[in-house]
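Asks: Below: one structure in structure tokens.
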Amino acid sequence: MLRWLLRRAAAGVVLVWLVATATFFLVAATPGNITQHIESQRLTPEARARWRRDFGLDQPLPLRYARWLAAVGRGDLGHSWLHHRRVAVILGETLPRTLILASLGLALEILGGIAVALVQIRRPHGVLDRLLSTTTLTAYALPTFWIGLLLVYVFAYRLPLFPPSHMLSPAGEMASGWPRMLDLAHHLVLPAVTIGLTGMGAVARYLRGSLLDERLEHYVLAARARGCSAARAMWVHALPNALLPLVTLVGLSLPFLVSGSLVIEVVFAWPGMGRAMYEAALARDVPLLMGGTLVATIAVVVGNFVADILYTVIDPRIRR
Amino acid sequence: MRTTRAVVASALAAGLLLLQAACRREPAALGQAVPPSGPQQGGFVIVAIPADLATLNEYHWGTGASELQVIDMLFPTLMQEQPDYHLHPPSFAPRLASSWEFSQDNRTLTFSLRRDAFWSDGVPVTAEDVRFTFQVQKDPRIGSPGLEIKDFISHVEVVDPFTVRFHFTRVYPYQLMDANDGHIVPAHAWGKIPFEQWAETDFMTRMVTCGPFRFASFSPQQTLILDRDPTYWGQPRPYLNRVIFRVIPEASSQVNQLLGGQVHVVPMVPPRLAERVKSSRDVDLVEVPSRTWGFIAWNNRHPLFRDRRVRRAMTYAINRKNAVDTAYHGFARLAVGPILSSMWAFNRNLPQFPYDPEQARALLREAGWLPSPADGTLMRNGTPFTFDLLYPATNPIRQDLALMIQSDLAKIGVRVRPQPIEYTTMVARLESGDFAASMSAWEEATKVDLTGTWATPGPGQGSNNFVAYSNPEVDRLIAAARLEPDHTRAKVILDRIQELIVEDQPVTFLYESTLLVGVSRAIKGADINASSVFFNIEEWYWGS
């Protein structure tokens with residue numbers, strides 16, 4: 001087990017390095033640089049040239065790469081060229097905001113999916129089952145931004161129940177303690193529901209399929225034969241086993257936690273890492289872009305690693 | 001079971017309603033948004049901005065027009081430029097400097113500073129701050145564009161703590177404007193940071209300011225808050241307690257929130273949404289001629305567009321008036337030449353290029369382009385007249401214009417392929433000359449100097465003339481206009497330059513846009529003009 005862990009950890013480090021290196025050279029190969037990001041006559045070509053030199057863009061690419069790698073090795077992610085602040089500070093601010101939104105969205109997606117599947121399985125192929133299948137799969141097929149905009153239109157403008165954007169209101173930002181938390185929760189509703197609605201279909205579909213299979217397994221029939229109630233057979237016996245494929249699905253969703261909520265962040269003006277990365281990519285802010293890539297890659301590798309370990313814990317057969 | 005479910009559902013619904021009720025206290029929670037009546041102190045204004053301001057240090061990389069408008073509320077200039085450039089070169093009103101005087105030979109300019117101006121940390125503003133600011137502007141380690149703007153200022157001398165003297169290497173018309181360019185920064189606070197470290201310094205954490213407002217807080221991608229500076233020395237003192245800049249990336253969300261009252265000012269309303277704002281009873285749409293103008297950039301080095309007859313033909317073949325009116329919904333004027341029609345130096349008698357496809361065909365025939373019998377595409381020596389027209393992928397107005405241009409040019413047999421392209425990539429291609437045509441725009445300064453955009457750059461000299469336009473007569477006249485101290489005589493030279501450029505059509509002049517500002521009607525006293533949306537922010541107040 002320990003050897004397996006070490007091997008996985010070493011492979012993870014190599015993977016992170018490969019992704020970061022590939023990103024570095026891809027960004028360098030993209031046409032344009034940060035000094036070409038602003039359209040202004042005030043910005044003379046001489047001034048642009050001076051900034052290029054300041055950012056080290058006049059240095060040969062291998063040298064720039066070696067310097068960046070050495071700095072990362074020392075734990076220094078550098079300064080954002082666009083914001084003039086330390087990359088680590090920017091990521092430290094934006095990553096938790098993304099995690100709050102994405103994990104709540106993911107939780108809604110899983111819990112909602114489970115609830116839908118449990119309702120569906122009561123009368124498989126019945127009207128309600130079909131109706132829920134069609135609805136959740138339609139939500140799954142629709143573009144996330146469209147669902148987001150629809151929810152904003154209905155629940156922020158037509159019925160002004162929730163704020164259309166941002167993480168906090170100006171009042172919330174200046175508040176602390178409970179009022180701030182409440183303001184945050186209020187702002188979380190629409191974006192988190194958007195994430196939940198779009199992903200719910202897949203979870204429900206997986207679970208419904210595996211519940212249908214598990215229901216007919218011998219151990220469930222045996223439980224029923226022993227006098228166990230239908231509900232107990234479902235909740236205690238079938239459900240835990242039917243949830244196994246979901247672990248894989250959730251494992252695969254983990255990258256989304258750090259990097260996948262970009263669209264949601266743009267639609268809801270959520271000040272998270274996705275949006276910071278998007279702006280960094282447009283502005284060719286190399287240090288911020290590289291820092292974000294590094295964090296996202298590490299999170300994905302660690303997430304998958306944890307999912308693998310969880311799998312072995314949940315399903316003893318894997319350990320053998 | 002059913003009862004439990006009902007209880008859970010009701011609890012959930014009640015929770016959501018409570019949450020919603022608890023959170024809908026927005027403006028009131030901040031204090032008084034709308035004081036009773038008349039110009040009195042209090043309240044706050046929320047301004048929508050599309051992205052975080054890159055910096056509040058003007059001499060950092062990334063300072064654009066949005067940053068400068070905010071920096072202007074925090075840091076003083078020696079004088080305040082007036083929005084009168086449509087009559088003559090801009091005049092100036094006192095600001096940090098109470099008076100100024102040129103020497104007899106016009107080679108030195110002496111400013112007397114106010115004695116009652118203080119930085120937000122209580123230190124007086126002195127001539128040393130002005131000298132330090134000049135040092136910042138000229139130091140190549142900082143890299144500010146001021147290095148070129150201050151080309152003809154040799155040094156700045158501290159005469160006494162409240163008198164500062166600028167020494168010029170030559171006499172020219174824009175000496176006052178160039179001396180005034182750039183906001184004064186605090187020597188005692190920022191002078192401690194070595195210039196090598198400026199690019200990597202977060203100045204938001206070192207805000208020592210000297211304006212009507214002071215920096216209060218910054219939450220990335222959310223808000224920037226400025227509070228009234230109670231020690232402000234200028235007149236009038238601001239009525240508003242606070243100005244909140246709120247990042248709302250989507251233009252339609254900005255307008256929705258303006259109409260819903262969550263935001264009070266939208267500095268850039270897109271023309272397509274202007275009617276919605278106009279029809280609202282609670283919001284005013286202020287129309288100000290902006291200094292942004294758009295054009296089709298023809299690469300004058302490209303084999304297709306080297307010939308000026310071809311470029312003139314393109315302008316004749318495009319129904320520019322129709323295209324501009326459609327894309328801008330009537331909120332832009334047709335551009336005619338290299339100087340904005342709202343500027344004092346504009347030549348009102350420039351040659352016109354009306355929509356005239358026949359004239360275009362004739363010019364192209366003269367240049368050797370003849371329609372192919374098969375499909376009417378223009379051909380010369382077996383080569384069809386076809387090219388890519390680049391435009392920024394995120395700009396829907398330029399996309400609309402590109403499509404209308406494609407359709408107009410197709411009528412005379414020119415095949416255009418509109419190419420949406422990511423903005424920075426587009427600039428890189430334009431700078432390297434790797435393009436045939438693009439939909440571009442400039443934001444013009446109030447200083448009329450055509451050197452950067454229209455003169456042929458000398459060897460090794462940088463230039464914004466990316467279309468590679470070159471006319472020796474224009475070069476000679478631009479140099480002459482730059483040195484002519486009398487603006488009436490300079491106008492004669494500038495008139496001739498405009499005629500020559502318009503005849504050459506190095507670009508097809510398309511539009512001069514109108515700045516559309518959405519402002520809540522309850523805000524009174526705002527004079528939103530071509531200089532800045534926040535030109536007289538000190539005088540804004542909440543009406544009844």
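The chains in the structure tokens are called A, B, ... from first to last as shown; in each chain the residues are counted from 1, and the ligands are counted from 1 in the order shown.
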Tell me, as a ChimeraX atom specification, which residues lie within 9 Å of A:Tyr206, counting only C-alpha atoms; anything in the same chain fewer than 5 positions away does not count.
Replies: /A:113,117,201,211,242-243,245-246,249
Asks: Only all heavy atoms, please: the residues just picked out, written as a PDB file, in the first residue's frame.
Replies:
```pdb
ATOM      1  N   GLY A 113     -29.426  14.844  -7.585  1.00  0.00           N
ATOM      2  CA  GLY A 113     -29.423  13.682  -8.481  1.00  0.00           C
ATOM      3  C   GLY A 113     -29.899  12.439  -7.755  1.00  0.00           C
ATOM      4  O   GLY A 113     -30.714  11.666  -8.269  1.00  0.00           O
ATOM      5  N   ALA A 117     -33.262  10.300  -8.569  1.00  0.00           N
ATOM      6  CA  ALA A 117     -33.174   8.875  -8.895  1.00  0.00           C
ATOM      7  C   ALA A 117     -34.065   8.047  -7.961  1.00  0.00           C
ATOM      8  O   ALA A 117     -34.728   7.104  -8.389  1.00  0.00           O
ATOM      9  CB  ALA A 117     -31.723   8.414  -8.806  1.00  0.00           C
ATOM     10  N   GLY A 201     -28.761  15.837 -13.837  1.00  0.00           N
ATOM     11  CA  GLY A 201     -29.231  14.849 -14.815  1.00  0.00           C
ATOM     12  C   GLY A 201     -28.309  13.655 -14.903  1.00  0.00           C
ATOM     13  O   GLY A 201     -28.757  12.496 -14.888  1.00  0.00           O
ATOM     14  N   LEU A 211     -29.321   1.576  -9.595  1.00  0.00           N
ATOM     15  CA  LEU A 211     -30.339   1.126  -8.625  1.00  0.00           C
ATOM     16  C   LEU A 211     -31.231   0.048  -9.249  1.00  0.00           C
ATOM     17  O   LEU A 211     -31.581  -0.939  -8.593  1.00  0.00           O
ATOM     18  CB  LEU A 211     -31.204   2.296  -8.170  1.00  0.00           C
ATOM     19  CG  LEU A 211     -30.663   3.139  -7.004  1.00  0.00           C
ATOM     20  CD1 LEU A 211     -31.568   4.329  -6.762  1.00  0.00           C
ATOM     21  CD2 LEU A 211     -30.526   2.303  -5.739  1.00  0.00           C
ATOM     22  N   ALA A 242     -25.218   0.922  -4.991  1.00  0.00           N
ATOM     23  CA  ALA A 242     -25.508   1.643  -6.225  1.00  0.00           C
ATOM     24  C   ALA A 242     -24.718   2.948  -6.307  1.00  0.00           C
ATOM     25  O   ALA A 242     -24.499   3.489  -7.378  1.00  0.00           O
ATOM     26  CB  ALA A 242     -26.999   1.936  -6.310  1.00  0.00           C
ATOM     27  N   LEU A 243     -24.283   3.443  -5.129  1.00  0.00           N
ATOM     28  CA  LEU A 243     -23.561   4.731  -5.122  1.00  0.00           C
ATOM     29  C   LEU A 243     -22.128   4.622  -5.631  1.00  0.00           C
ATOM     30  O   LEU A 243     -21.500   5.620  -5.941  1.00  0.00           O
ATOM     31  CB  LEU A 243     -23.542   5.307  -3.699  1.00  0.00           C
ATOM     32  CG  LEU A 243     -24.842   5.985  -3.225  1.00  0.00           C
ATOM     33  CD1 LEU A 243     -24.712   6.404  -1.772  1.00  0.00           C
ATOM     34  CD2 LEU A 243     -25.172   7.191  -4.082  1.00  0.00           C
ATOM     35  N   PRO A 245     -20.589   3.725  -8.476  1.00  0.00           N
ATOM     36  CA  PRO A 245     -20.182   4.404  -9.716  1.00  0.00           C
ATOM     37  C   PRO A 245     -20.146   5.921  -9.565  1.00  0.00           C
ATOM     38  O   PRO A 245     -19.422   6.603 -10.283  1.00  0.00           O
ATOM     39  CB  PRO A 245     -21.273   4.016 -10.726  1.00  0.00           C
ATOM     40  CG  PRO A 245     -22.012   2.883 -10.123  1.00  0.00           C
ATOM     41  CD  PRO A 245     -21.824   2.946  -8.650  1.00  0.00           C
ATOM     42  N   LEU A 246     -20.926   6.424  -8.572  1.00  0.00           N
ATOM     43  CA  LEU A 246     -20.948   7.870  -8.360  1.00  0.00           C
ATOM     44  C   LEU A 246     -19.596   8.396  -7.897  1.00  0.00           C
ATOM     45  O   LEU A 246     -19.235   9.529  -8.176  1.00  0.00           O
ATOM     46  CB  LEU A 246     -21.999   8.235  -7.315  1.00  0.00           C
ATOM     47  CG  LEU A 246     -23.395   8.544  -7.824  1.00  0.00           C
ATOM     48  CD1 LEU A 246     -24.206   9.167  -6.707  1.00  0.00           C
ATOM     49  CD2 LEU A 246     -23.346   9.485  -9.001  1.00  0.00           C
ATOM     50  N   LEU A 249     -17.745   9.226 -10.788  1.00  0.00           N
ATOM     51  CA  LEU A 249     -18.304  10.432 -11.406  1.00  0.00           C
ATOM     52  C   LEU A 249     -17.867  11.686 -10.650  1.00  0.00           C
ATOM     53  O   LEU A 249     -17.434  12.668 -11.243  1.00  0.00           O
ATOM     54  CB  LEU A 249     -19.840  10.328 -11.404  1.00  0.00           C
ATOM     55  CG  LEU A 249     -20.577  11.391 -12.202  1.00  0.00           C
ATOM     56  CD1 LEU A 249     -20.341  11.189 -13.687  1.00  0.00           C
ATOM     57  CD2 LEU A 249     -22.068  11.341 -11.905  1.00  0.00           C
TER      58      LEU A 249
END
```
Asks: Hey, which bits of chain A sit within 8 Å of chain B, and for each residue what's the closest pair of atoms and how far apart in Å (one decimal), counting only C-alpha atoms, rows by chain and increasing number, as a tab-separated table?
Replies:
```
residue	atom	partner	partner_atom	distance
A:Thr30	CA	B:Thr425	CA	7.7
A:Pro31	CA	B:Thr425	CA	5.1
A:Gly32	CA	B:Ala428	CA	4.6
A:Asn33	CA	B:Thr424	CA	7.0
A:Ile34	CA	B:Thr424	CA	7.8
A:Gln36	CA	B:Thr424	CA	5.7
A:His37	CA	B:Thr424	CA	5.1
A:Ile38	CA	B:Gly62	CA	7.3
A:Glu39	CA	B:Trp442	CA	7.0
A:Ser40	CA	B:Glu443	CA	6.2
A:Gln41	CA	B:Glu443	CA	6.5
A:Arg42	CA	B:Pro145	CA	7.0
A:Leu43	CA	B:Pro145	CA	5.9
A:Thr44	CA	B:Pro145	CA	6.3
A:Pro45	CA	B:Gly462	CA	4.9
A:Glu46	CA	B:Gly462	CA	5.8
A:Ala47	CA	B:Pro145	CA	5.2
A:Arg50	CA	B:Gly143	CA	5.5
A:Trp51	CA	B:Gly143	CA	6.1
A:Asp54	CA	B:Arg141	CA	7.7
A:His79	CA	B:Glu200	CA	6.1
A:Ser80	CA	B:Glu200	CA	7.9
A:Trp81	CA	B:Ala199	CA	7.8
A:Leu82	CA	B:Ala54	CA	6.1
A:His83	CA	B:Ala54	CA	5.2
A:His84	CA	B:Glu200	CA	5.2
A:Arg85	CA	B:Asp202	CA	5.2
A:Arg86	CA	B:Glu200	CA	7.8
A:Leu161	CA	B:Gln20	CA	6.3
A:Phe162	CA	B:Gln20	CA	6.6
A:Ser165	CA	B:Ile248	CA	7.9
A:His166	CA	B:Gln222	CA	7.0
A:Met167	CA	B:Gln222	CA	7.9
A:Ser169	CA	B:Glu26	CA	6.6
A:Pro170	CA	B:Glu26	CA	7.2
A:Ala171	CA	B:Glu26	CA	5.6
A:Gly172	CA	B:Glu26	CA	7.8
A:Pro179	CA	B:Cys23	CA	7.8
A:Leu182	CA	B:Leu19	CA	6.4
A:Asp183	CA	B:Cys23	CA	5.4
A:Ala185	CA	B:Leu19	CA	7.6
A:His186	CA	B:Leu19	CA	6.2
A:Val266	CA	B:Pro249	CA	7.2
A:Val267	CA	B:Glu250	CA	7.6
A:Ala269	CA	B:Ile248	CA	6.1
A:Trp270	CA	B:Gln221	CA	7.9
A:Pro271	CA	B:Gln221	CA	5.1
A:Leu282	CA	B:Thr424	CA	7.0
A:Ala283	CA	B:Thr424	CA	7.1
```
Asks: Each residue of stretch 202-299 of chain A lying at most 9 Å from stretch 13-29 of chain A should get a row with its shortest atom-to-atom pair and the distance in Å to one decimal, counting only C-alpha atoms; could you produce that, ordered by chain and increasing number, as CSV?
Replies:
```
residue,atom,partner,partner_atom,distance
A:Ala281,CA,A:Val27,CA,8.4
A:Arg284,CA,A:Val27,CA,7.6
A:Val286,CA,A:Val27,CA,7.3
A:Leu289,CA,A:Val27,CA,8.7
A:Met290,CA,A:Phe24,CA,6.8
A:Gly291,CA,A:Ala20,CA,9.0
A:Thr293,CA,A:Ala20,CA,6.7
A:Leu294,CA,A:Ala20,CA,6.1
A:Thr297,CA,A:Val16,CA,5.9
A:Ile298,CA,A:Val16,CA,6.3
```
Asks: Going by DSSP on the backbone, which bits of stretch 242-483 of chain B are strand (DSSP E)? Write them as a ChimeraX atom specification, please.
Replies: /B:242-247,265-266,283-298,332-334,370-371,378-380,383-384,386-392,415-421,437-443
Asks: Which residues are close to B:Glu58, i.e. within 8 Å by only C-alpha atoms, leaving aside same-chain residues fewer than 3 positions away? Reply as a tab-separated table (two decimals) with C-alpha atoms, in the first residue's frame.
Replies:
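What follows is the written file selection-v2.tsv:
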```
chain	number	residue	atom	x	y	z
B	55	THR	CA	-3.65	49.92	-10.69
B	63	THR	CA	-3.11	52.54	-16.72
B	67	GLU	CA	-7.89	54.02	-14.19
B	68	LEU	CA	-7.11	57.68	-14.94
B	71	ILE	CA	-6.75	58.32	-10.11
B	182	GLY	CA	0.52	63.20	-14.97
B	183	HIS	CA	-0.72	63.27	-11.40
```
Asks: Between A:Ala280, A:Leu288, A:Leu244, A:Ala238, which residue has the minimum interatomic distance to A:Tyr311, considering only C-alpha atoms?
Replies: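 Closest to A:Tyr311, using only C-alpha atoms: A:Leu244.
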Asks: Go through stretch 205-236 of chain A and collect every residue that DSSP, computed from the backbone, puts in alpha helix (DSSP H); the answer should be as number ranges by chain.
Replies: A: 205-215, 218-225, 230-232
Asks: Selected residues, N, CA, C and O atoms, written as a JSON list (two decimals), in the first residue's frame, please.
Replies:
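As a result, again.json now contains:
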```json
[["chain", "number", "residue", "atom", "x", "y", "z"],
["A", 205, "ARG", "N", -29.17, 9.85, -13.71],
["A", 205, "ARG", "CA", -29.17, 8.81, -14.74],
["A", 205, "ARG", "C", -28.30, 7.62, -14.31],
["A", 205, "ARG", "O", -28.70, 6.47, -14.40],
["A", 206, "TYR", "N", -27.08, 7.95, -13.82],
["A", 206, "TYR", "CA", -26.17, 6.89, -13.35],
["A", 206, "TYR", "C", -26.82, 6.08, -12.25],
["A", 206, "TYR", "O", -26.85, 4.86, -12.25],
["A", 207, "LEU", "N", -27.35, 6.83, -11.27],
["A", 207, "LEU", "CA", -27.86, 6.19, -10.08],
["A", 207, "LEU", "C", -29.12, 5.37, -10.37],
["A", 207, "LEU", "O", -29.29, 4.26, -9.87],
["A", 208, "ARG", "N", -29.96, 5.93, -11.22],
["A", 208, "ARG", "CA", -31.19, 5.22, -11.58],
["A", 208, "ARG", "C", -30.83, 3.87, -12.21],
["A", 208, "ARG", "O", -31.35, 2.82, -11.82],
["A", 209, "GLY", "N", -29.87, 3.91, -13.15],
["A", 209, "GLY", "CA", -29.43, 2.69, -13.82],
["A", 209, "GLY", "C", -28.89, 1.67, -12.84],
["A", 209, "GLY", "O", -29.28, 0.50, -12.82],
["A", 210, "SER", "N", -28.01, 2.15, -11.96],
["A", 210, "SER", "CA", -27.38, 1.19, -11.06],
["A", 210, "SER", "C", -28.36, 0.71, -9.99],
["A", 210, "SER", "O", -28.28, -0.43, -9.55],
["A", 211, "LEU", "N", -29.32, 1.58, -9.59],
["A", 211, "LEU", "CA", -30.34, 1.13, -8.62],
["A", 211, "LEU", "C", -31.23, 0.05, -9.25],
["A", 211, "LEU", "O", -31.58, -0.94, -8.59],
["A", 212, "LEU", "N", -31.56, 0.23, -10.51],
["A", 212, "LEU", "CA", -32.39, -0.76, -11.21],
["A", 212, "LEU", "C", -31.69, -2.12, -11.22],
["A", 212, "LEU", "O", -32.31, -3.16, -11.01],
["A", 213, "ASP", "N", -30.35, -2.07, -11.46],
["A", 213, "ASP", "CA", -29.56, -3.31, -11.47],
["A", 213, "ASP", "C", -29.51, -3.94, -10.09],
["A", 213, "ASP", "O", -29.75, -5.13, -9.91],
["A", 214, "GLU", "N", -29.16, -3.07, -9.08],
["A", 214, "GLU", "CA", -28.97, -3.58, -7.72],
["A", 214, "GLU", "C", -30.26, -4.18, -7.15],
["A", 214, "GLU", "O", -30.22, -5.15, -6.41],
["A", 215, "ARG", "N", -31.40, -3.59, -7.53],
["A", 215, "ARG", "CA", -32.69, -4.04, -6.99],
["A", 215, "ARG", "C", -32.92, -5.53, -7.22],
["A", 215, "ARG", "O", -33.57, -6.21, -6.44],
["A", 218, "HIS", "N", -29.15, -10.67, -5.98],
["A", 218, "HIS", "CA", -29.58, -11.70, -5.03],
["A", 218, "HIS", "C", -29.62, -11.20, -3.59],
["A", 218, "HIS", "O", -30.53, -11.51, -2.84],
["A", 219, "TYR", "N", -28.61, -10.35, -3.21],
["A", 219, "TYR", "CA", -28.57, -9.94, -1.79],
["A", 219, "TYR", "C", -29.77, -9.08, -1.44],
["A", 219, "TYR", "O", -30.26, -9.10, -0.32],
["A", 220, "VAL", "N", -30.31, -8.31, -2.42],
["A", 220, "VAL", "CA", -31.49, -7.49, -2.13],
["A", 220, "VAL", "C", -32.71, -8.39, -2.02],
["A", 220, "VAL", "O", -33.52, -8.27, -1.09],
["A", 221, "LEU", "N", -32.81, -9.35, -2.96],
["A", 221, "LEU", "CA", -33.94, -10.29, -2.92],
["A", 221, "LEU", "C", -33.91, -11.10, -1.63],
["A", 221, "LEU", "O", -34.93, -11.31, -0.97],
["A", 222, "ALA", "N", -32.65, -11.48, -1.22],
["A", 222, "ALA", "CA", -32.51, -12.25, 0.02],
["A", 222, "ALA", "C", -32.98, -11.43, 1.21],
["A", 222, "ALA", "O", -33.66, -11.94, 2.12],
["A", 223, "ALA", "N", -32.63, -10.15, 1.21],
["A", 223, "ALA", "CA", -33.05, -9.27, 2.31],
["A", 223, "ALA", "C", -34.57, -9.18, 2.37],
["A", 223, "ALA", "O", -35.17, -9.26, 3.45],
["A", 224, "ARG", "N", -35.18, -9.02, 1.18],
["A", 224, "ARG", "CA", -36.65, -8.94, 1.13],
["A", 224, "ARG", "C", -37.27, -10.24, 1.65],
["A", 224, "ARG", "O", -38.23, -10.22, 2.40],
["A", 225, "ALA", "N", -36.62, -11.41, 1.24],
["A", 225, "ALA", "CA", -37.13, -12.72, 1.64],
["A", 225, "ALA", "C", -37.05, -12.90, 3.15],
["A", 225, "ALA", "O", -37.87, -13.56, 3.77],
["A", 230, "ALA", "N", -39.45, -2.94, 1.91],
["A", 230, "ALA", "CA", -38.96, -2.48, 0.61],
["A", 230, "ALA", "C", -38.06, -1.26, 0.79],
["A", 230, "ALA", "O", -36.99, -1.15, 0.17],
["A", 231, "ALA", "N", -38.48, -0.34, 1.69],
["A", 231, "ALA", "CA", -37.72, 0.89, 1.89],
["A", 231, "ALA", "C", -36.35, 0.56, 2.47],
["A", 231, "ALA", "O", -35.32, 1.07, 2.04],
["A", 232, "ARG", "N", -36.34, -0.36, 3.47],
["A", 232, "ARG", "CA", -35.08, -0.72, 4.12],
["A", 232, "ARG", "C", -34.14, -1.42, 3.12],
["A", 232, "ARG", "O", -32.95, -1.15, 3.08]]
```
Asks: Just give me the gap between atom CA of B:Gln41 and atom CA of B:Pro236 in Å, one decimal is fine.
Replies: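 Atom-to-atom, atom CA of B:Gln41 and atom CA of B:Pro236 are spaced 11.7 Å apart.
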Asks: Which residues are near stretch 151-162 of chain B? Cut-off 6 Å, only C-alpha atoms, ignore same chain within fewer than 3 positions. Put them as a tab-separated table (two decimals) with all heavy atoms, in the first residue's frame.
Replies:
```
chain	number	residue	atom	x	y	z
B	112	SER	N	3.33	78.35	-8.73
B	112	SER	CA	3.22	78.60	-7.28
B	112	SER	C	2.19	77.62	-6.75
B	112	SER	O	1.06	77.56	-7.24
B	112	SER	CB	2.72	80.02	-7.01
B	112	SER	OG	3.64	80.92	-7.56
B	113	LEU	N	2.58	76.85	-5.73
B	113	LEU	CA	1.68	75.81	-5.21
B	113	LEU	C	0.86	76.34	-4.04
B	113	LEU	O	1.30	77.25	-3.31
B	113	LEU	CB	2.49	74.61	-4.74
B	113	LEU	CG	3.45	73.99	-5.75
B	113	LEU	CD1	4.08	72.74	-5.17
B	113	LEU	CD2	2.75	73.65	-7.07
B	126	THR	N	4.37	69.57	-1.38
B	126	THR	CA	5.36	70.62	-1.65
B	126	THR	C	5.95	70.47	-3.06
B	126	THR	O	5.65	69.51	-3.78
B	126	THR	CB	6.53	70.55	-0.66
B	126	THR	OG1	7.21	69.31	-0.89
B	126	THR	CG2	6.08	70.65	0.78
B	127	ALA	N	6.82	71.43	-3.39
B	127	ALA	CA	7.50	71.42	-4.69
B	127	ALA	C	8.32	70.14	-4.86
B	127	ALA	O	8.53	69.67	-5.98
B	127	ALA	CB	8.39	72.63	-4.80
B	131	ARG	N	8.78	67.69	-8.14
B	131	ARG	CA	10.09	67.29	-8.69
B	131	ARG	C	10.21	65.76	-8.71
B	131	ARG	O	10.63	65.17	-9.70
B	131	ARG	CB	11.22	67.90	-7.85
B	131	ARG	CG	12.59	67.81	-8.51
B	131	ARG	CD	13.72	67.91	-7.49
B	131	ARG	NE	13.64	66.86	-6.48
B	131	ARG	CZ	14.00	65.59	-6.68
B	131	ARG	NH1	14.49	65.23	-7.85
B	131	ARG	NH2	13.88	64.70	-5.72
B	148	GLU	N	8.33	60.07	-22.95
B	148	GLU	CA	8.27	60.77	-24.25
B	148	GLU	C	7.50	62.08	-24.12
B	148	GLU	O	7.86	63.06	-24.75
B	148	GLU	CB	7.61	59.89	-25.31
B	148	GLU	CG	8.51	58.81	-25.88
B	148	GLU	CD	8.68	57.64	-24.95
B	148	GLU	OE1	7.70	57.26	-24.29
B	148	GLU	OE2	9.80	57.10	-24.87
B	165	ARG	N	9.90	75.09	-10.69
B	165	ARG	CA	10.15	75.66	-12.02
B	165	ARG	C	10.51	74.55	-13.02
B	165	ARG	O	11.38	73.72	-12.75
B	165	ARG	CB	11.29	76.68	-11.92
B	165	ARG	CG	11.55	77.44	-13.19
B	165	ARG	CD	12.46	78.63	-12.93
B	165	ARG	NE	11.82	79.63	-12.09
B	165	ARG	CZ	12.46	80.41	-11.20
B	165	ARG	NH1	13.75	80.30	-11.03
B	165	ARG	NH2	11.79	81.29	-10.49
B	166	PHE	N	9.81	74.55	-14.17
B	166	PHE	CA	10.09	73.60	-15.24
B	166	PHE	C	11.00	74.27	-16.27
B	166	PHE	O	10.71	75.37	-16.72
B	166	PHE	CB	8.78	73.18	-15.94
B	166	PHE	CG	7.96	72.20	-15.15
B	166	PHE	CD1	7.38	72.56	-13.94
B	166	PHE	CD2	7.76	70.89	-15.61
B	166	PHE	CE1	6.62	71.66	-13.20
B	166	PHE	CE2	7.02	69.98	-14.88
B	166	PHE	CZ	6.45	70.37	-13.67
B	167	HIS	N	12.09	73.57	-16.65
B	167	HIS	CA	13.02	74.12	-17.66
B	167	HIS	C	12.83	73.36	-18.97
B	167	HIS	O	12.93	72.12	-18.99
B	167	HIS	CB	14.45	73.96	-17.17
B	167	HIS	CG	14.76	74.84	-15.99
B	167	HIS	ND1	15.39	76.05	-16.10
B	167	HIS	CD2	14.48	74.69	-14.66
B	167	HIS	CE1	15.49	76.60	-14.90
B	167	HIS	NE2	14.95	75.79	-14.00
B	168	PHE	N	12.58	74.09	-20.04
B	168	PHE	CA	12.33	73.47	-21.36
B	168	PHE	C	13.55	73.60	-22.27
B	168	PHE	O	14.30	74.57	-22.17
B	168	PHE	CB	11.13	74.15	-22.03
B	168	PHE	CG	9.82	73.82	-21.36
B	168	PHE	CD1	9.37	74.56	-20.27
B	168	PHE	CD2	9.03	72.78	-21.82
B	168	PHE	CE1	8.18	74.26	-19.64
B	168	PHE	CE2	7.82	72.48	-21.20
B	168	PHE	CZ	7.39	73.22	-20.10
B	169	THR	N	13.71	72.63	-23.15
B	169	THR	CA	14.82	72.69	-24.11
B	169	THR	C	14.40	73.42	-25.38
B	169	THR	O	15.21	73.74	-26.21
B	169	THR	CB	15.31	71.29	-24.49
B	169	THR	OG1	14.18	70.55	-24.97
B	169	THR	CG2	15.93	70.57	-23.30
```
